[in-house]
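**Q** Sending over query_33.tsv (TSV, C-alpha atoms).
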chain	number	residue	atom	x	y	z
A	1	MET	CA	0.00	0.00	0.00
A	2	ALA	CA	2.81	2.46	0.82
A	3	THR	CA	4.25	2.43	-2.69
A	4	ASN	CA	0.90	3.55	-4.11
A	5	LEU	CA	0.99	6.56	-1.82
A	6	ASN	CA	4.58	7.59	-2.55
A	7	GLU	CA	4.80	11.20	-3.67
A	8	ARG	CA	1.21	11.91	-2.65
A	9	LEU	CA	0.57	15.17	-0.85
A	10	VAL	CA	-1.72	15.86	2.08
A	11	LYS	CA	-2.47	19.51	2.80
A	12	ILE	CA	-4.16	20.72	5.95
A	13	ILE	CA	-5.29	24.31	6.48
A	14	LEU	CA	-5.57	25.16	10.16
A	15	PRO	CA	-7.23	28.17	11.72
A	16	ASN	CA	-4.73	30.18	13.75
A	17	ILE	CA	-6.10	28.86	17.05
A	18	LEU	CA	-4.01	26.87	19.51
A	19	GLY	CA	-5.28	23.32	19.80
A	20	TYR	CA	-5.84	22.86	16.08
A	21	GLU	CA	-2.22	21.74	15.71
A	22	ARG	CA	-3.50	18.39	17.01
A	23	ILE	CA	-5.23	17.81	13.68
A	24	ALA	CA	-1.89	18.09	11.86
A	25	MET	CA	-0.23	15.88	14.51
A	26	ALA	CA	-2.82	13.14	14.07
A	27	SER	CA	-2.68	13.33	10.28
A	28	SER	CA	1.11	13.11	10.19
A	29	ALA	CA	1.03	10.18	12.62
A	30	SER	CA	-1.50	8.34	10.46
A	31	LEU	CA	0.63	8.80	7.34
A	32	ALA	CA	3.79	7.73	9.16
A	33	LYS	CA	2.06	4.58	10.38
A	34	MET	CA	0.93	3.80	6.81
A	35	PHE	CA	4.57	4.03	5.70
A	36	GLY	CA	5.91	1.75	8.42
A	37	PHE	CA	7.52	4.29	10.73
A	38	SER	CA	8.31	3.00	14.21
A	39	SER	CA	6.24	4.26	17.13
A	40	GLU	CA	9.28	6.22	18.35
A	41	ARG	CA	9.67	8.03	15.02
A	42	ILE	CA	5.93	8.70	14.92
A	43	GLU	CA	6.17	10.36	18.33
A	44	ASP	CA	9.13	12.43	17.07
A	45	LEU	CA	7.09	13.45	14.03
A	46	LYS	CA	4.07	14.42	16.14
A	47	THR	CA	6.26	16.60	18.36
A	48	ILE	CA	7.91	18.22	15.35
A	49	VAL	CA	4.61	18.97	13.61
A	50	ALA	CA	3.01	20.32	16.79
A	51	GLU	CA	5.96	22.58	17.61
A	52	ALA	CA	6.19	23.91	14.06
A	53	ALA	CA	2.45	24.61	13.89
A	54	ILE	CA	2.38	26.27	17.32
A	55	ASN	CA	5.39	28.43	16.41
A	56	ALA	CA	3.66	29.43	13.17
A	57	MET	CA	0.51	30.38	15.08
A	58	GLN	CA	2.17	32.23	17.93
A	59	HIS	CA	5.22	33.80	16.33
A	60	GLY	CA	4.64	33.76	12.57
A	61	ASN	CA	1.01	34.82	12.59
A	62	LYS	CA	1.46	36.60	15.94
A	63	GLY	CA	-1.72	35.03	17.29
A	64	ARG	CA	-3.97	36.74	14.71
A	65	THR	CA	-7.16	34.67	14.58
A	66	ASP	CA	-7.85	35.81	11.00
A	67	SER	CA	-4.67	34.02	9.83
A	68	GLU	CA	-4.14	30.41	8.79
A	69	VAL	CA	-1.37	27.84	9.00
A	70	ALA	CA	-0.91	25.39	6.13
A	71	VAL	CA	0.71	22.04	6.85
A	72	THR	CA	1.69	19.85	3.90
A	73	ILE	CA	2.91	16.31	4.38
A	74	ARG	CA	4.47	14.12	1.70
A	75	PHE	CA	6.26	10.76	1.74
A	76	LYS	CA	9.28	10.75	-0.55
A	77	ASP	CA	12.68	9.03	-0.54
A	78	ASN	CA	11.95	6.97	2.59
A	79	ALA	CA	11.12	10.10	4.59
A	80	ILE	CA	8.20	12.30	5.47
A	81	HIS	CA	8.59	15.88	4.28
A	82	VAL	CA	6.59	18.46	6.21
A	83	ALA	CA	6.15	22.09	5.21
A	84	VAL	CA	4.52	24.49	7.66
A	85	THR	CA	3.54	27.84	6.17
A	86	ASP	CA	2.30	30.87	8.07
A	87	GLN	CA	1.42	34.38	7.01
A	88	GLY	CA	4.27	36.01	8.89
A	89	ASP	CA	7.67	37.45	8.02
A	90	GLY	CA	9.89	34.53	9.01
A	91	ILE	CA	12.37	34.04	11.80
A	92	ALA	CA	14.67	37.01	12.34
A	93	GLU	CA	17.29	34.67	13.79
A	94	VAL	CA	17.32	31.11	15.04
A	95	LEU	CA	17.91	31.28	18.77
A	96	PRO	CA	20.86	29.44	20.28
A	97	LYS	CA	20.27	26.11	22.00
A	98	PRO	CA	18.40	26.82	25.26
A	99	ASP	CA	20.24	26.19	28.52
A	100	ILE	CA	17.79	24.17	30.58
A	101	HIS	CA	19.71	24.70	33.83
A	102	ARG	CA	19.71	28.48	33.40
A	103	ILE	CA	15.99	28.44	32.59
A	104	MET	CA	15.22	26.25	35.62
A	105	ASN	CA	17.19	28.69	37.81
A	106	LYS	CA	15.23	31.59	36.26
A	107	GLN	CA	18.41	33.10	34.79
A	108	ASP	CA	17.07	32.87	31.20
A	109	PRO	CA	13.52	33.20	29.83
A	110	PRO	CA	11.87	29.96	28.64
A	111	VAL	CA	12.12	30.63	24.90
A	112	GLY	CA	13.44	28.66	21.96
A	113	PHE	CA	12.33	25.16	23.00
A	114	GLY	CA	10.10	24.60	19.96
A	115	VAL	CA	12.85	25.29	17.44
A	116	PHE	CA	15.31	23.33	19.59
A	117	LEU	CA	13.03	20.26	19.64
A	118	ILE	CA	12.44	20.45	15.91
A	119	GLN	CA	16.18	20.65	15.20
A	120	GLU	CA	16.99	17.79	17.59
A	121	LEU	CA	14.28	15.38	16.38
A	122	ALA	CA	14.23	16.08	12.64
A	123	ASP	CA	16.72	14.84	10.08
A	124	GLY	CA	16.65	18.15	8.21
A	125	VAL	CA	15.20	21.61	8.81
A	126	GLU	CA	15.20	24.68	6.63
A	127	PHE	CA	13.84	27.96	8.03
A	128	ASN	CA	12.89	31.25	6.39
A	129	ILE	CA	11.64	30.06	3.03
A	130	ASP	CA	9.51	32.71	1.36
A	131	THR	CA	6.62	31.43	-0.75
A	132	ASP	CA	3.64	33.00	-2.49
A	133	ASP	CA	1.54	31.88	0.49
A	134	GLY	CA	3.82	33.21	3.23
A	135	HIS	CA	6.78	32.05	5.30
A	136	CYS	CA	7.60	28.34	5.29
A	137	VAL	CA	9.64	25.90	7.35
A	138	ASN	CA	10.59	22.63	5.61
A	139	ILE	CA	11.26	19.59	7.75
A	140	VAL	CA	12.44	16.08	6.85
A	141	VAL	CA	11.86	13.08	9.08
A	142	LYS	CA	13.41	9.83	7.89
A	143	ARG	CA	11.86	6.47	8.68
A	144	GLU	CA	14.98	5.74	10.71
A	145	SER	CA	16.57	8.70	12.46
A	146	ASN	CA	20.15	9.72	11.69
A	147	GLN	CA	20.99	8.84	15.29
A	148	VAL	CA	19.84	5.24	14.73
A	149	GLU	CA	21.71	5.03	11.40
A	150	ASP	CA	24.89	6.44	12.98
A	151	ALA	CA	24.70	3.94	15.88
A	152	ALA	CA	24.22	1.03	13.43
A	153	ARG	CA	27.40	2.00	11.55
A	154	LYS	CA	29.54	1.89	14.72
Hey, can you dump this file as structure tokens for me?
**A**
Amino acid sequence: MATNLNERLVKIILPNILGYERIAMASSASLAKMFGFSSERIEDLKTIVAEAAINAMQHGNKGRTDSEVAVTIRFKDNAIHVAVTDQGDGIAEVLPKPDIHRIMNKQDPPVGFGVFLIQELADGVEFNIDTDDGHCVNIVVKRESNQVEDAARK
């Protein structure tokens, strides 16, 4: 069944309301299951999609309820490719890796976790892509993570 679905595209248009990211999470998980992703990779994908959609809603669209977030999901080359597009201006700069100890000790504000999680869990991320529809983040999640592939080679 998976080969028949290769290169097919699923597009979800979400209202810019927190909570609706769950629709994109569930859809991406269903597709990943159809393509034989492990439960661990499906959980990674769900986290990635949720964080990207929430960031688009909160930061890209700045919480404007008249805005939308588009999530496209495609299986290609043994990986799921996710594009999250908002109607904002993009990321001015990708924040450095958050220091959890400093945040816990209230020395730093709790910002940057969404981007951090996406970068840690995904196999590829490209920010600040301008499209006709707005600002886009492209994410690649392989069936087997790079961490698993690297461990197998050793």
**Q** Between A:Val71, A:Gly36, A:Ile91, A:Met104, which one has atoms that come closest to Leu9 in chain A, using all atoms listed in the file?
**A**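 Smallest separation from Leu9 in chain A among the options: A:Val71.
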**Q** Identify which of the residues A:Asn55, A:Ser38, A:Gln107, A:Asn16 lies closest to Ser67 in chain A, counting all atoms listed in the file when measuring atom-to-atom distances.
**A**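 Of all the options, A:Asn16 lies closest to Ser67 in chain A.
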**Q** Name the residues, using the chain letters and numbers of the file, that sit within 10 Å of (14.1, 27.4, 9.3) when counting all atoms listed in the file, and give them as a list of chain:residue names.
**A** A:Ala52, A:Gly90, A:Ile91, A:Glu93, A:Val94, A:Val115, A:Ile118, A:Gln119, A:Gly124, A:Val125, A:Glu126, A:Phe127, A:Asn128, A:Ile129, A:His135, A:Cys136, A:Val137, A:Asn138, A:Ile139
**Q** Just the number, please: distance in Å from CA of Val69 in chain A to CA of Thr47 in chain A, one decimal.
**A**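 Rounded to one decimal, the two atoms are 16.5 Å apart.
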**Q** Using only C-alpha atoms, find the one residue out of A:Ala122, A:Ile17, A:Ala79, A:Ala50 that sits nearest to Ala32 in chain A.
**A**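 Looking only at the distances to Ala32 in chain A, the closest residue turns out to be A:Ala79.
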**Q** Of the residues A:Gln87, A:Ser145, A:Asn78, A:Asn105, which is the one nearest to Asp132 in chain A, using all atoms listed in the file?
**A**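 Result for the nearest residue to Asp132 in chain A: A:Gln87.
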**Q** Please measure the separation of CA of Leu14 in chain A and CA of Glu68 in chain A, giving the value in Å to one decimal.
**A**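 CA of Leu14 in chain A sits 5.6 Å away from CA of Glu68 in chain A.
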**Q** Which residue gives the smallest distance to Val140 in chain A among A:Leu45, A:Ala26, A:Ile12, A:Leu117, with only C-alpha atoms counted?
**A** A:Leu45
**Q** Report the distance between CA of Arg41 in chain A and CA of His101 in chain A in Å, rounded to one decimal place.
**A** 27.1 Å
**Q** What's around Val49 in chain A at 8 Å? Count all atoms listed in the file, leave out sequence neighbours fewer than 3 positions away in its own chain, and write the answer as a ChimeraX atom specification.
**A** /A:21,24-25,28,45-46,52-53,82
**Q** In terms of the shortest atom-to-atom distance over all atoms listed in the file, which of A:Asp86, A:Val10, A:Phe116, A:Met57 is closest to Ile100 in chain A?
**A**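 Of A:Asp86, A:Val10, A:Phe116, A:Met57, the one nearest Ile100 in chain A, counting all atoms listed in the file, is A:Phe116.
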**Q** If we count all atoms listed in the file and set the cut-off at 9 Å, which residues sit around Lys11 in chain A, ignoring sequence neighbours fewer than 4 positions away in its own chain? Please answer as a list in words.
**A**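 Once the adjacent positions are removed, what remains is Ala70, Val71, Thr72, Ile73 and Arg74 of chain A.
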